[in-house]
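*Asks:* Attaching a single structure in C-alpha cells format; questions to follow.
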Amino acid sequence: MKLITAIVKPFKIDEVRDALKGMGVEGMTITEVQGFGRQRGQTEVYRGAEYTVNFVPKARVEVLVADGEAERIVDAIVEAARTGKIGDGKIWVTDVDGVVRIRTGEKGADAL
Amino acid sequence: MKLITAIVKPFKIDEVRDALKGMGVEGMTITEVQGFGRQRGQTEVYRGAEYTVNFVPKARVEVLVADGEAERIVDAIVEAARTGKIGDGKIWVTDVDGVVRIRTGEKGADAL
Amino acid sequence: MKLITAIVKPFKIDEVRDALKGMGVEGMTITEVQGFGRQRGQTEVYRGAEYTVNFVPKARVEVLVADGEAERIVDAIVEAARTGKIGDGKIWVTDVDGVVRIRTGEKGADAL
Amino acid sequence: MPDIDSGNTAWVLISAALVLFMVPGLAFFYAGMVRSKNVLGMLMQNFFSLGLVSVLWVLLGFTLAFGKDLGGGLLGALDFIGLSKLAEVPGFTDDLALTIPPMAFVAFQMMFAVITPALITGAIADRMKFGAWVVFLGVWSIVVYAPVAHWVFSPGGWLFQRGALDFAGGTVVHINAGIAALALILVLGRRKGWPAEAMPPHSLPLTLLGTGILWFGWFDFNAGSALGANGIAGQALLNTHVAAAMAMCSWLVVERMKDGKATTLGGASGAVAGLVAITPCAGFVNTIGALAIGAVAGAVCFLAILLKYKLRYDDSLDVVAVHLVGGIIGSILLGLFADHSINGATGDGILLGGNAELLVNQFIAVGATLAFSGILSFVLAKAIDLTMGLRVTEDDEAQGLDTTQHAETAYSFGDVRSLGRVA
Amino acid sequence: MPDIDSGNTAWVLISAALVLFMVPGLAFFYAGMVRSKNVLGMLMQNFFSLGLVSVLWVLLGFTLAFGKDLGGGLLGALDFIGLSKLAEVPGFTDDLALTIPPMAFVAFQMMFAVITPALITGAIADRMKFGAWVVFLGVWSIVVYAPVAHWVFSPGGWLFQRGALDFAGGTVVHINAGIAALALILVLGRRKGWPAEAMPPHSLPLTLLGTGILWFGWFDFNAGSALGANGIAGQALLNTHVAAAMAMCSWLVVERMKDGKATTLGGASGAVAGLVAITPCAGFVNTIGALAIGAVAGAVCFLAILLKYKLRYDDSLDVVAVHLVGGIIGSILLGLFADHSINGATGDGILLGGNAELLVNQFIAVGATLAFSGILSFVLAKAIDLTMGLRVTEDDEAQGLDTTQHAETAYSFGDVRSLGRVA
Amino acid sequence: MPDIDSGNTAWVLISAALVLFMVPGLAFFYAGMVRSKNVLGMLMQNFFSLGLVSVLWVLLGFTLAFGKDLGGGLLGALDFIGLSKLAEVPGFTDDLALTIPPMAFVAFQMMFAVITPALITGAIADRMKFGAWVVFLGVWSIVVYAPVAHWVFSPGGWLFQRGALDFAGGTVVHINAGIAALALILVLGRRKGWPAEAMPPHSLPLTLLGTGILWFGWFDFNAGSALGANGIAGQALLNTHVAAAMAMCSWLVVERMKDGKATTLGGASGAVAGLVAITPCAGFVNTIGALAIGAVAGAVCFLAILLKYKLRYDDSLDVVAVHLVGGIIGSILLGLFADHSINGATGDGILLGGNAELLVNQFIAVGATLAFSGILSFVLAKAIDLTMGLRVTEDDEAQGLDTTQHAETAYSFGDVRSLGRVA
Ligand SMILES: Nc1ncnc2c1ncn2[C@@H]1O[C@H](COP(=O)(O)OP(=O)(O)O)[C@@H](O)[C@H]1O
Ligand SMILES: Nc1ncnc2c1ncn2[C@@H]1O[C@H](COP(=O)(O)OP(=O)(O)O)[C@@H](O)[C@H]1O
Ligand SMILES: Nc1ncnc2c1ncn2[C@@H]1O[C@H](COP(=O)(O)OP(=O)(O)O)[C@@H](O)[C@H]1O
C-alpha cells in the first residue's frame with residue numbers, strides 16, 4: 001500500500017479530484033496548508049506600508065493506493081495539477097504498512 | 001517507531017482522545033481536513049439552486065507510537081471512531097525512522 | 001529522500017523558516033493543527049463557567065530533504081523551535097520513495 | 001383632540017426604526033454565542049419573528065392588545081382588526097399619544113410584539129426544530145403576548161387600571177419572555193453534552209456587535225415609550241444609558257472576584273442586564289435611582305446564571321438569568337425608586353417617602369405575568385411536542401441546525417470547503 | 001413661505017443619516033454572498049460610491065436633477081451648480097418641503113443618488129476591474145441617474161407632470177439600477193465556472209447583518225420621503241415594514257415548496273424584495289395594500305431568480321430578480337392599490353374604484369425608465385469595455401478581486417497566514 | 001426661558017443615540033485591524049469606556065465641564081454633581097439649548113466624554129494591560145477631558161470666551177485624544193516585532209463595518225451639536241458627509257500614486273480623516289469649504305502615517321495621523337473657511353475676507369490643548385507605569401490579549417478548536 005501526498009494549487013483541486021475519479025480512485029483527503037518555496041507570496045499594502053506574505057495558500061492531497069497503481073496515479077495528478085507556472089507544487093510517495101476501514105474493520109486493499 | 005494516521009468524523013475526536021488516553025498514549029495531533037469518498041457531501045440550497053458540497057469535514061489524527069503498540073492502538077481508534085455509518089474513515093500506519101522531542105532533544109521512545 | 005515532519009509552536013514558524021533558509025532548504029509546507037499532549041490547553045471563562053480547552057494550537061512543518069541532510073536539518077529545527085517550555089513539540093522523519101515537481105515533472109533531488 | 005406634533009411624531013417614528021433594528025441586534029448577540037454549526041438556526045429564529053409576528057400583529061395582535069377593553073381589562077375587542085377604523089379610537093396610553101399619528105403608535109408597538117418572543121430563542125439554542133419554533137412563535141404572540149400587553153399597556157387593562165407601572169416593558173417584554181423561555185426549555189430538554197462539554201461562543205465580535213445594536217436601539221425602546229420628545233424622554237434616555245453602564249461595571253467586578261478575569265462577554269452581558277432592569281423604570285426614576293438599579297442588576301443577574309448549573313436546566317444563553325431576573329429586579333425596584341418629580345404619572349417610591357401601594361401593585365403585576373405566561377407557554381410547548389415534536393433528531397443536533405434545518409452553512413472561508421457542484 | 005419646522009427637519013435629517021447607513025448595509029448584504037476572495041472587491045465598489053457620487057452630486061448632480069426645468073421636463077438647469085443660491089429656489093417636490101432647510105433636502109436626495117448605482121454591484125460580482133467600475137459609477141450617476149430623478153422627483157419633470165407616482169424610488173432607484181445591472185452584465189459576461197460550479201456565500205451572517213441595516217434604513221428611505229413627520233410618514237413607515245414582513249413569509253413558503261427548506265438567505269431576500277416593491281407605494285397605499293404588495297413581491301421575485309438559469313445571464317446576486325422585478329411589481333401595483341384616503345396627492349387605484357389613468361401613467365414611467373437607463377447603461381458599458389476594458393484577467397478572477405484589485409486580504413484568522421515581512 | 005421644542009428635543013435625543021452607537025463602531029473599526037489574538041482586548045478597551053466613563057460623567061465629569069465657571073474659565077464648579085439641581089442652570093452653550101430638556105444635553109455631551117478616550121485605544125493596540133487601561137481611562141476622563149471640554153464648550157470656558165470655535169470637538173475630542181495617544185505610546189513602547197514584521201488586519205470587513213457605523217453616527221455627532229433641528233444642523237450634516245466623501249477620494253488618489261493600489265482600508269481611513277477634520281468646522285463653513293477641508297485632510301493624513309516609520313513610534317492604528325493631524329487641519333482651516341452667512345456665531349474666515357483674529361484664536365486653542373493634554377497624559381502614563389505597570393509580559397503579548405487579559409477567544413470556527421471540558 002502507498003500513500004501519495006501532493007501539494008497543489010487550491011483552485012486545481014477540482015481537476016485533480018476529477019482525474020482521480022476517472023482512474024477509479026474512490027477517495028482522498030484534502031488539507032488547506034501554507035506553502036513556502038520559490039514562488040513568492042503576494043505583496044499587500046497596509047496604510048502606506050508594503051509587505052510580502054511569506055506563505056502561499058496550497059492544498060495538500062493525500063491518496064492511499066495499491067502499490068502497483070502509485071506511479072500512474074502520480075502521473076495523473078501531475079497532469080491535472082500542472083499550470084506550468086512556478087508554485088505548482090510537489091508530489092511524494094511513502095510506503096504504508098497497512099490500512100483499515102473504520103466502519104467495517106476491513107484491512108489492506110479492501111479498506112480503500 | 002510507527003506513525004498512525006486516522007481520518008475520523010470530527011465529533012468523534014473526543015472519544016478517540018479518551019480511548020488513547022485510556023491506553024496511556026500521551027499525545028496526538030489533530031488536523032481539520034476535507035474528505036472525499038463514498039460518503040456524499042451534504043446538499044445545500046442557494047436561492048433556488050441546489051448543490052452538493054464535494055467534500056465532507058473530517059478530522060485527521062496523528063499518533064506516534066512504539067512499534068509494538070501500533071496494532072492495539074489502531075484497534076482502539078477503530079473502536080472509538082466507529083459509528084457504523086458510511087464515512088467513518090480510514091486508519092493507516094507508516095514506519096518512522098526516528099523521533100525527537102524538541103524541548104529536551106530526547107530521541108526515540110523517550111521523545112513520546 | 002526523507003520527509004521531516006515537525007510539530008512546533010506557531011509563533012516559532014518564522015524562526016524555523018529562517019533557520020532552514022540559512023541551510024539552503026528551498027521550501028516547506030505548513031499546516032495549522034491542534035495539539036494534545038503534556039501541555040494543558042488554556043483555561044477560559046464563559047459566563048461564570050471555567051473550562052479548559054483540550055487542544056493547543058500548533059504548526060505542523062513538512063520538509064522534504066535529501067537522505068544525507070535529514071539529521072542536521074532536524075537539529076536545526078530543534079534549535080530554532082526550542083523555547084525550553086513544555087509544548088515545544090516533536091519532530092519525526094520518514095522515508096520517501098520518490099518526489100516529483102509538478103511544474104516540470106523533475107524527479108528526486110532535482111524536484112526540491 | 002390636539003394636533004399632530006411633528007417633533008413627537010419624528011421621535012416615535014425613529015424610535016420604531018431603532019426598536020426594529022434591535023431584532024437583528026438580538027439575533028447577532030445570540031448567534032455569536034452559539035457554535036458555528038448553529039449560527040443560522042439562531043439568526044433565522046429571530047429574523048423570522050420580524051416576518052410572522054408583524055403580519056399577525058396587523059391582522060389580530062394590535063386589536064387584541066389595544067382595542068376597546070372587552071371587560072375586566074383582560075383583552076381588547078376586535079374593532080381594530082386589520083388596523084381598520086384606527087382614526088376613531090387610537091386606544092393609546094395617554095393624551096400625549098394623541099399628538100402622534102395612530103400608525104406611528106401601531107408601528108412602535110408592533111416592534112415590541114416582534115422582539116419579545118425573539119428573546120426566548122436564546123434559551124432554546126441548538127436543538128429546536130424550525131417548524132416547531134414557527135408554530136410556537138405565532139401562537140405565543142397572539143395567545144400570550146397580546147393579552148399581557150393589554151393588561152399593562154392599554155388604558156383599559158386591569159394592571160394599568162390598578163396602577164401597576166411598566167414604562168417600557170419590564171413585565172410585558174422581559175418577564176413575559178423570560179418565564180416563557182423557562183417553560184419551553186423544561187419541555188425541550190438540555191443540549192446533548194451540556195453541561196460537561198464546553199460550548200464556547202463561535203464569535204464574540206458578533207455578540208459584541210449585537211450588544212452595540214441593542215444598546216443603541218434600547219435608547220428609543222425606553223425613551224420612545226414616552227411617546228413624545230420631551231423631558232421625560234430625555235430622563236428615560238439618560239437613565240437607560242446610565243443603568244447599562246453601571247450594570248456593566250458591577251457585573252465585571254463580581255465576575256473578576258469570582259473567576260479572576262473581566263471578560264468581554266461579561267461586559268456585554270452586564271450592559272444588557274442593566275438595560276433589562278431599567279426598562280420598566282426608565283421614565284419614572286431619577287439618575288441616581290438608575291445607577292442603583294443598574295448596580296443591582298449587574299451583580300444579581302451574574303449570580304443568577306449559576307442557578308442553571310445547580311438546578312440543571314439548560315437555559316443555553318441565559319434568558320432566565322438576564323431577562324426574567326433582570327425584569328423582576330426592575331419591576332420591583334420601581335416600587336422603591338419611583339420619583340414623582342420626574343414623572344407626574346407616578347407617586348414616590350418607598351425610598352423617596354412614598355407608601356407601599358406601588359410596590360404591592362408591582363408584585364401583583366410580576367406575579368400575574370409569571371403565572372399567565374408560564375402556564376400557557378408550558379401548555380403550548382407540551383402541545384407542540386406531543387403533536388409535531390419540538391426537538392431535532394440526535395444526528396441533526398450533532399450536525400447542527402444550519403445544514404439540517406436550513407440547508408445552508410454559515411461560513412465558507414477556505415478555498416476547498418466551498419467547492420461544490422450545482423445539481 | 002412657511003417657517004422651518006423643527007420636527008420635520010429632525011425627521012428629514014435623521015432620514016438622511018439612515019439612508020446613508022444603508023450603503024454599508026447593502027455592501028455587507030452583497031459581500032456576505034460572494035466567495036472569501038472577493039469580499040473587499042464588493043465592499044469597495046459600494047463604499048466608493050459614497051465617495052465619488054457624493055462629490056459629483058454637490059458639483060453637478062443635484063442641479064441636473066432638481067434645478068429649474070430646462071424645458072420638456074427632461075433635465076434641470078445649472079442654477080444650483082455647486083449648491084449655490086439654494087435658498088432662492090429649493091426646487092422641492094411640494095410646499096411641505098419648504099418647512100425644512102434646503103440642505104436637509106439636498107443631503108437626503110444625495111443618499112438616493114449614492115445608493116442607486118451601488119445596487120448594481122450585486123450583478124457584477126467577482127469579475128469587474130475596479131478602475132472600470134469607478135468610471136461607470138461616475139458617468140452613470142450624472143448621465144443616467146440625474147435625468148431620471150428629474151423626470152420623476154422634480155416638480156418640473158415630465159413624468160411628475162404626467163401624474164406618474166413614485167413615493168420613494170421604485171422607478172428612479174430600483175428599476176433604474178436593475179435594468180442598468182442587466183445591461184452591464186450583458187457586456188461583462190459570466191463568472192468563470194458559473195453556473196456549473198457552486199459559489200456559496202462566504203458569510204451568511206454578514207449578509208444578514210446587511211439585511212438588518214437595510215431594513216432599518218429603509219424605514220426612513222420610504223417614510224423620510226414624506227419630507228415631514230406626519231400621518232403620511234407614519235403610514236409609509238408601517239407599510240414599509242409590513243410589506244417586508246409579508247414578502248419574507250411568501251418567499252419562504254414558495255422556497256420551501258420548491259426546495260424543501262426555508263433558508264435564512266431566502267428570508268433575507270424575501271424581506272428585501274418586499275422593501276423594494278413597497279418603495280414606490282409606501283405613502284400611497286393602506287396597510288392591507290402593503291400586505292398584498294409584499295405577498296406578491298416575495299413569491300414573484302423568488303421565481304424570477306430561476307430566469308437567469310434559463311436564459312444563462314450571470315446576474316450574480318440577483319439584482320434583476322429583486323430590484324428590477326420588484327421595482328416593476330411595486331410601480332405597477334400602485335395603479336391598483338393607491339388609496340386617496342391615505343394621501344391626497346393620489347387618486348384611488350383601480351381596486352379602490354379609481355380609473356385606469358394612474359395605472360397607465362405607471363406603465364409609461366416604467367417603460368421610459370427601462371428604455372432610457374437600459375440603452376444608456378449598455379452603451380456606457382460597451383464604451384468602457386472597448387477603451388479600458390471592463391473585466392479582470394482570468395488569473396486575477398481565479399485569484400480574486402481582493403488581492404488583485406486592492407492588494408489586501410479580507411480575513412487573516414490563522415497564526416501562520418498573517419506572517420509577513422514589511423518591504 | 002423658552003419652552004421645550006419637541007423637534008429640537010427629538011433631534012438631540014436621537015443624536016445622543018447615534019453618538020453612543022459610534023463607540024461600538026469605533027471598537028469594530030479598530031478591532032478589525034488587529035491580529036486575531038487581540039480582537040477582544042481591543043473591543044473591551046472601547047466598550048468599557050461606555051461603562052466607566054458614563055458613570056464618572058454622572059458623578060463628576062459633567063459638572064466639571066459644564067458647571068458654573070470656577071474663575072478664569074478653567075474648570076466648572078461642583079453645582080451639578082450627581083446631576084442634581086440641573087433645572088436651575090443648564091450651563092448650555094447658548095439659548096437655543098434652552099429649548100431642549102437639560103437631560104438631553106447631558107446625555108449628548110456624555111457620549112462625547114465616552115468616545116474621546118476610546119479613540120486612544122487605536123494607538124496602544126496589542127500590548128497594554130487591561131487593568132492599567134481602566135485606571136488611565138477613568139483618571140484621564142476627569143483630569144484631562146473635563147477641563148478641556150469646559151474651556152471650549154462651556155460658555156464660561158476661557159477659549160470659548162476668547163472666541164475660539166469648535167463646532168463639535170476638533171480640539172476637545174480629536175486633538176485631545178490624539179496627543180494623549182502619542183504621549184501614552186511614548187511610555188508604553190512598541191509592539192514586539194514592529195515594524196519589521198507585518199501585522200495585517202485580521203478582518204477588514206469588521207473594520208469597514210466600523211467605518212459605516214462611524215460615518216452614520218458622525219452625522220449626528222456634528223449636526224447634533226447644533227442642539228436643534230434647523231438650517232445650521234442641515235448644513236453641518238451635509239458638510240460632514242461631503243468632507244468625508246472628498247477625503248476618501250483624495251486619500252485613495254494619493255495612495256494609488258504611492259503604492260499603486262486603492263485599498264479598502266485606504267478608503268475607510270480617508271473617510272474617517274475627513275470626518276475628523278470637518279468636526280470643528282461642520283456648522284461654520286459652506287459646502288465648498290467642506291469639500292476643500294476634506295480634500296486636504298485625506299491627502300495630508302495619509303502622508304502623516306509615514307511619519308511613524310521615520311520617527312519609529314508605534315502608533316499602531318494611526319490615531320496620531322488621523323485624529324491629531326486631522327483635528328489640527330480642521331481647527332486651523334476653520335480660520336480660513338469660516339462663513340458668517342452660514343452661521344451668525346462666527347465671522348468670516350480669511351479666505352472669505354475676514355481678518356486673522358479667528359485664525360489666531362484657533363492656533364491658541366490647538367496649542368493649549370496640545371500642551372495641557374500632552375503633558376498630563378504623559379505624566380499619568382508614567383505614574384501608572386511606575387506603579388502597576390502599563391504593559392503585559394512578553395509571553396502574554398505573544399499569546400495575545402484575548403486569552404491573557406480576558407480568558408476568552410474571539411473566534412471558534414472549527415469543530416475541533418472548540419472542544420473543551422468544563423472544570
Ligand atoms: N522541500 C519541500 N518540502 C515540503 N514542501 C515543499 C518543499 N518545497 C516546496 N514545497 C511545497 O511546494 C510548493 C511549491 O513549491 P515552489 O518551490 O514554490 O514551486 P515549484 O514546486 O514549482 O518549484 C510550496 O509552496 C510548498 O508548499
Ligand atoms: N483512498 C483514500 N486516500 C485517502 N483518504 C481516503 C481514501 N478513501 C477515503 N479516504 C478518507 O476517508 C473518509 C471516509 O471515506 P468514505 O469512503 O467516505 O467512507 P468509508 O471510510 O466508510 O468507506 C473520506 O472522507 C476521506 O477523507
Ligand atoms: N504521540 C504523539 N503523536 C503525535 N503528536 C504528538 C504526540 N505527542 C505529542 N505530540 C504533539 O506534540 C505537541 C507537544 O507535545 P507535549 O507533550 O505537549 O509537549 P512536549 O513536546 O514538550 O513534551 C502536542 O501538542 C502534539 O501536537
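Residues in the C-alpha cells are numbered from 1 in each chain, the chains being A, B, ... in the order shown, and ligands are numbered from 1 in the order shown.
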Quick check: residues of chain C within 8 Å of chain B, only C-alpha atoms, returned as an NGL selection string.
*Replies:* :C and (31-38 or 78-79 or 81-95)
*Asks:* Write out as a ChimeraX atom specification all residues of range 206-383 of chain D that backbone DSSP assigns to alpha helix (DSSP H).
*Replies:* /D:206-223,231-259,264-278,287-311,319,325-337,357-383
*Asks:* Create the file for the chosen residues now, containing C-alpha atoms and written as a CSV table (one decimal), in the first residue's frame.
*Replies:*
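Ended up saving to again_30.csv:
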```
chain,number,residue,atom,x,y,z
D,206,LEU,CA,-20.6,39.1,16.6
D,207,THR,CA,-22.0,39.1,20.1
D,208,LEU,CA,-20.5,42.5,20.8
D,209,LEU,CA,-21.9,43.8,17.6
D,210,GLY,CA,-25.3,42.7,18.8
D,211,THR,CA,-24.7,44.3,22.1
D,212,GLY,CA,-23.9,47.6,20.5
D,213,ILE,CA,-27.0,47.5,18.3
D,214,LEU,CA,-29.2,46.5,21.3
D,215,TRP,CA,-27.8,49.3,23.5
D,216,PHE,CA,-28.4,51.8,20.6
D,217,GLY,CA,-31.9,50.6,20.0
D,218,TRP,CA,-32.8,50.4,23.7
D,219,PHE,CA,-32.4,54.2,24.0
D,220,ASP,CA,-35.5,54.5,21.9
D,221,PHE,CA,-37.2,51.3,23.1
D,222,ASN,CA,-37.3,53.1,26.5
D,223,ALA,CA,-37.3,56.8,25.7
D,231,GLY,CA,-38.3,66.0,29.4
D,232,ILE,CA,-39.5,62.5,30.4
D,233,ALA,CA,-38.0,61.1,27.2
D,234,GLY,CA,-34.7,62.8,28.0
D,235,GLN,CA,-34.6,61.4,31.5
D,236,ALA,CA,-35.6,58.0,30.2
D,237,LEU,CA,-32.8,58.0,27.7
D,238,LEU,CA,-30.2,59.1,30.2
D,239,ASN,CA,-31.5,56.6,32.8
D,240,THR,CA,-31.3,53.8,30.2
D,241,HIS,CA,-27.7,54.5,29.4
D,242,VAL,CA,-26.6,55.1,33.0
D,243,ALA,CA,-28.2,51.8,34.2
D,244,ALA,CA,-26.5,49.9,31.4
D,245,ALA,CA,-23.1,51.5,32.1
D,246,MET,CA,-23.4,50.8,35.9
D,247,ALA,CA,-24.5,47.3,35.4
D,248,MET,CA,-21.6,46.6,33.1
D,249,CYS,CA,-19.3,47.7,35.8
D,250,SER,CA,-20.9,45.8,38.6
D,251,TRP,CA,-21.1,42.6,36.5
D,252,LEU,CA,-17.4,42.8,35.7
D,253,VAL,CA,-16.5,43.5,39.3
D,254,VAL,CA,-18.3,40.4,40.6
D,255,GLU,CA,-17.1,38.3,37.7
D,256,ARG,CA,-13.5,39.3,38.4
D,257,MET,CA,-13.9,38.4,42.0
D,258,LYS,CA,-15.3,35.0,41.2
D,259,ASP,CA,-13.4,34.0,38.1
D,264,THR,CA,-15.8,40.9,27.1
D,265,LEU,CA,-18.9,38.7,27.2
D,266,GLY,CA,-19.3,39.7,30.9
D,267,GLY,CA,-19.2,43.4,30.0
D,268,ALA,CA,-21.8,42.9,27.2
D,269,SER,CA,-24.0,40.7,29.4
D,270,GLY,CA,-23.8,43.2,32.3
D,271,ALA,CA,-24.9,46.0,30.0
D,272,VAL,CA,-27.8,44.0,28.7
D,273,ALA,CA,-28.8,43.1,32.3
D,274,GLY,CA,-28.9,46.8,33.2
D,275,LEU,CA,-30.9,47.7,30.1
D,276,VAL,CA,-33.4,45.0,31.0
D,277,ALA,CA,-33.8,46.1,34.6
D,278,ILE,CA,-34.2,49.8,33.8
D,287,THR,CA,-30.5,59.4,37.6
D,288,ILE,CA,-29.2,58.2,41.0
D,289,GLY,CA,-32.1,55.6,41.0
D,290,ALA,CA,-31.0,54.4,37.6
D,291,LEU,CA,-27.4,54.0,38.8
D,292,ALA,CA,-28.6,51.9,41.8
D,293,ILE,CA,-30.9,49.7,39.7
D,294,GLY,CA,-28.0,49.1,37.3
D,295,ALA,CA,-25.7,48.2,40.1
D,296,VAL,CA,-28.1,45.7,41.5
D,297,ALA,CA,-29.0,44.2,38.1
D,298,GLY,CA,-25.4,43.6,37.1
D,299,ALA,CA,-24.4,41.7,40.2
D,300,VAL,CA,-27.6,39.8,40.7
D,301,CYS,CA,-28.1,38.7,37.1
D,302,PHE,CA,-24.5,37.4,37.0
D,303,LEU,CA,-25.1,35.3,40.1
D,304,ALA,CA,-28.4,34.1,38.8
D,305,ILE,CA,-26.6,32.4,35.9
D,306,LEU,CA,-25.1,29.9,38.4
D,307,LEU,CA,-28.6,28.7,39.2
D,308,LYS,CA,-28.8,26.7,36.0
D,309,TYR,CA,-25.8,24.7,36.9
D,310,LYS,CA,-27.3,23.9,40.3
D,311,LEU,CA,-30.8,23.1,39.0
D,319,VAL,CA,-32.5,34.3,29.0
D,325,VAL,CA,-34.4,38.0,36.8
D,326,GLY,CA,-33.5,41.4,35.3
D,327,GLY,CA,-37.1,42.2,34.6
D,328,ILE,CA,-38.2,41.3,38.1
D,329,ILE,CA,-35.4,43.4,39.6
D,330,GLY,CA,-36.5,46.4,37.7
D,331,SER,CA,-40.3,46.0,38.2
D,332,ILE,CA,-39.9,45.6,41.9
D,333,LEU,CA,-37.2,48.2,42.5
D,334,LEU,CA,-39.5,50.7,40.8
D,335,GLY,CA,-41.6,50.5,43.9
D,336,LEU,CA,-38.6,51.8,45.8
D,337,PHE,CA,-37.1,54.3,43.4
D,357,GLU,CA,-49.1,50.8,47.3
D,358,LEU,CA,-47.0,51.0,44.2
D,359,LEU,CA,-44.7,48.2,45.4
D,360,VAL,CA,-47.7,46.0,46.0
D,361,ASN,CA,-49.0,46.7,42.6
D,362,GLN,CA,-45.6,45.8,41.1
D,363,PHE,CA,-45.6,42.5,42.9
D,364,ILE,CA,-49.1,41.8,41.6
D,365,ALA,CA,-48.1,42.6,38.0
D,366,VAL,CA,-45.0,40.5,38.2
D,367,GLY,CA,-46.9,37.6,39.7
D,368,ALA,CA,-49.7,37.7,37.2
D,369,THR,CA,-47.3,37.8,34.3
D,370,LEU,CA,-45.3,34.9,35.7
D,371,ALA,CA,-48.3,32.8,36.2
D,372,PHE,CA,-50.2,33.5,33.0
D,373,SER,CA,-47.2,33.4,30.7
D,374,GLY,CA,-45.5,30.5,32.5
D,375,ILE,CA,-48.5,28.2,32.4
D,376,LEU,CA,-49.7,29.0,28.9
D,377,SER,CA,-46.2,28.7,27.5
D,378,PHE,CA,-45.7,25.4,29.1
D,379,VAL,CA,-49.0,24.0,27.8
D,380,LEU,CA,-48.2,25.3,24.3
D,381,ALA,CA,-44.8,23.7,24.3
D,382,LYS,CA,-46.2,20.4,25.5
D,383,ALA,CA,-48.9,20.5,22.9
```
*Asks:* Between CA of Gly73 in chain F and CA of Gly163 in chain F, what is the spacing in Å?
*Replies:*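 CA of Gly163 in chain F sits 12.6 Å away from CA of Gly73 in chain F.
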*Asks:* Using only C-alpha atoms, can you tell me which of C:Met23, C:Gly68, C:Tyr46, C:Asp110 comes closest to chain D?
*Replies:*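 Once distances to chain D are computed over only C-alpha atoms, the minimum belongs to C:Tyr46.
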*Asks:* Where in chain B does DSSP assign strand (DSSP E), given as number ranges by chain?
*Replies:* B: 2-8, 28-36, 43-46, 49-53, 56-65, 90-95, 98-101
*Asks:* Determine, counting only C-alpha atoms, which protein, DNA and RNA residues have an atom within 9 Å of an atom of range 399-416 of chain E; residues of the same chain fewer than 2 positions away are not included. Present the result as a ChimeraX atom specification.
*Replies:* /A:11,34,42-46,54-55 /C:10-11,13-14,30-32,57,59 /D:413 /E:35-42,44,126-131,392,394-397,418-419 /F:35-37,200-205,261-265,411
*Asks:* Taking 3 positions as the minimum chain separation for residues in the same chain, which residues sit within 7 Å of Ala19 in chain C when counting only C-alpha atoms? Answer as a list in words.
*Replies:*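 Neighbouring residues, sequence-local ones excluded: Glu15, Val16, Gly22, Met23, Ala76 and Ala80 of chain C.
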*Asks:* Go ahead and dump the residues you just picked, N, CA, C and O atoms, as a CSV table (one decimal), in the first residue's frame.
*Replies:*
```
chain,number,residue,atom,x,y,z
C,15,GLU,N,11.1,31.7,12.8
C,15,GLU,CA,12.5,31.3,13.1
C,15,GLU,C,12.9,30.0,12.5
C,15,GLU,O,14.0,29.9,11.9
C,16,VAL,N,12.0,29.0,12.5
C,16,VAL,CA,12.2,27.8,11.8
C,16,VAL,C,12.5,28.0,10.3
C,16,VAL,O,13.5,27.5,9.7
C,22,GLY,N,18.6,29.4,5.9
C,22,GLY,CA,20.0,29.5,6.2
C,22,GLY,C,20.8,28.3,5.7
C,22,GLY,O,21.9,28.3,5.3
C,23,MET,N,20.1,27.1,5.8
C,23,MET,CA,20.8,25.9,5.4
C,23,MET,C,20.5,25.6,3.9
C,23,MET,O,20.6,24.4,3.5
C,76,ALA,N,18.7,21.5,13.2
C,76,ALA,CA,18.5,22.9,13.0
C,76,ALA,C,17.0,23.3,13.5
C,76,ALA,O,16.8,24.4,14.1
C,80,ALA,N,15.9,25.9,16.4
C,80,ALA,CA,15.1,27.1,16.1
C,80,ALA,C,13.8,27.1,16.9
C,80,ALA,O,13.2,28.1,17.2
```
*Asks:* Do you know which residues are at most 7 Å from Asp339 in chain D counting only C-alpha atoms, after dropping those on the same chain fewer than 2 positions away, and could you put them as a list in words?
*Replies:*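 The contact residues come out as Phe284, Val285, Asn286, Phe337, Ser341, Ile342, Asn343, Gly347, Asp348, Gly349 and Leu352 of chain D.
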*Asks:* Using only C-alpha atoms, determine which residues lie at most 7 Å from Ser141 in chain D, disregarding the query and same-chain residues fewer than 5 positions distant; provide the list as a PyMOL selection string.
*Replies:* chain D and resi 53+113+117+146
*Asks:* Please report as a ChimeraX atom specification which residues of chain F come no farther than 6 Å from chain D, using only C-alpha atoms.
*Replies:* /F:6-7,9-10,17,21,24,44,51,101,103-104,107,406,410-413,420-422
*Asks:* Only residues of chain A matter here; which ones have an atom within 7 Å of chain F, counting only C-alpha atoms? Give them as a PDB file with N, CA and C atoms, in the first residue's frame.
*Replies:*
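Done, and the output landed in part-v8.pdb:
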```pdb
ATOM      1  N   TYR A  46      -0.669  47.927   3.385  1.00  0.00           N
ATOM      2  CA  TYR A  46      -1.396  48.260   4.605  1.00  0.00           C
ATOM      3  C   TYR A  46      -1.058  49.692   5.009  1.00  0.00           C
ATOM      4  N   ARG A  47      -1.955  50.602   4.700  1.00  0.00           N
ATOM      5  CA  ARG A  47      -1.772  52.013   5.051  1.00  0.00           C
ATOM      6  C   ARG A  47      -0.362  52.518   4.755  1.00  0.00           C
ATOM      7  N   GLY A  48      -0.005  52.505   3.510  1.00  0.00           N
ATOM      8  CA  GLY A  48       1.272  53.078   3.122  1.00  0.00           C
ATOM      9  C   GLY A  48       2.455  52.149   3.276  1.00  0.00           C
ATOM     10  N   TYR A  51       4.026  44.978   2.209  1.00  0.00           N
ATOM     11  CA  TYR A  51       4.688  43.813   2.797  1.00  0.00           C
ATOM     12  C   TYR A  51       4.391  42.585   1.958  1.00  0.00           C
TER      13      TYR A  51
END
```
*Asks:* I'd like the neighbourhood of Thr63 in chain E as a list in words, where a residue qualifies if any of its atoms comes within 10 Å (using only C-alpha atoms), though same-chain residues fewer than 4 positions away should be ignored.
*Replies:*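 Counting only C-alpha atoms, the residues come to Trp57, Val58, Leu59, Gly67, Lys68, Asp69, Leu75, Gly76, Ala77, Leu78, Asp79, Phe80, Ile81, Gly82, Leu83, Ser84, Leu86, Gly91, Val106, Ala146 and His150 of chain E.
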*Asks:* Please compute the CA of Gly170 in chain F-CA of Leu52 in chain E distance, one decimal, in Å.
*Replies:*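 Interatomic distance, CA of Gly170 in chain F to CA of Leu52 in chain E: 25.1 Å.
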*Asks:* Pick from B:Ala70, B:Ala6, B:Val53, B:Val63: nearest to ligand 2, with only C-alpha atoms and all ligand atoms counted?
*Replies:*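 With only C-alpha atoms and all ligand atoms as the atom set, the closest residue is B:Ala6.
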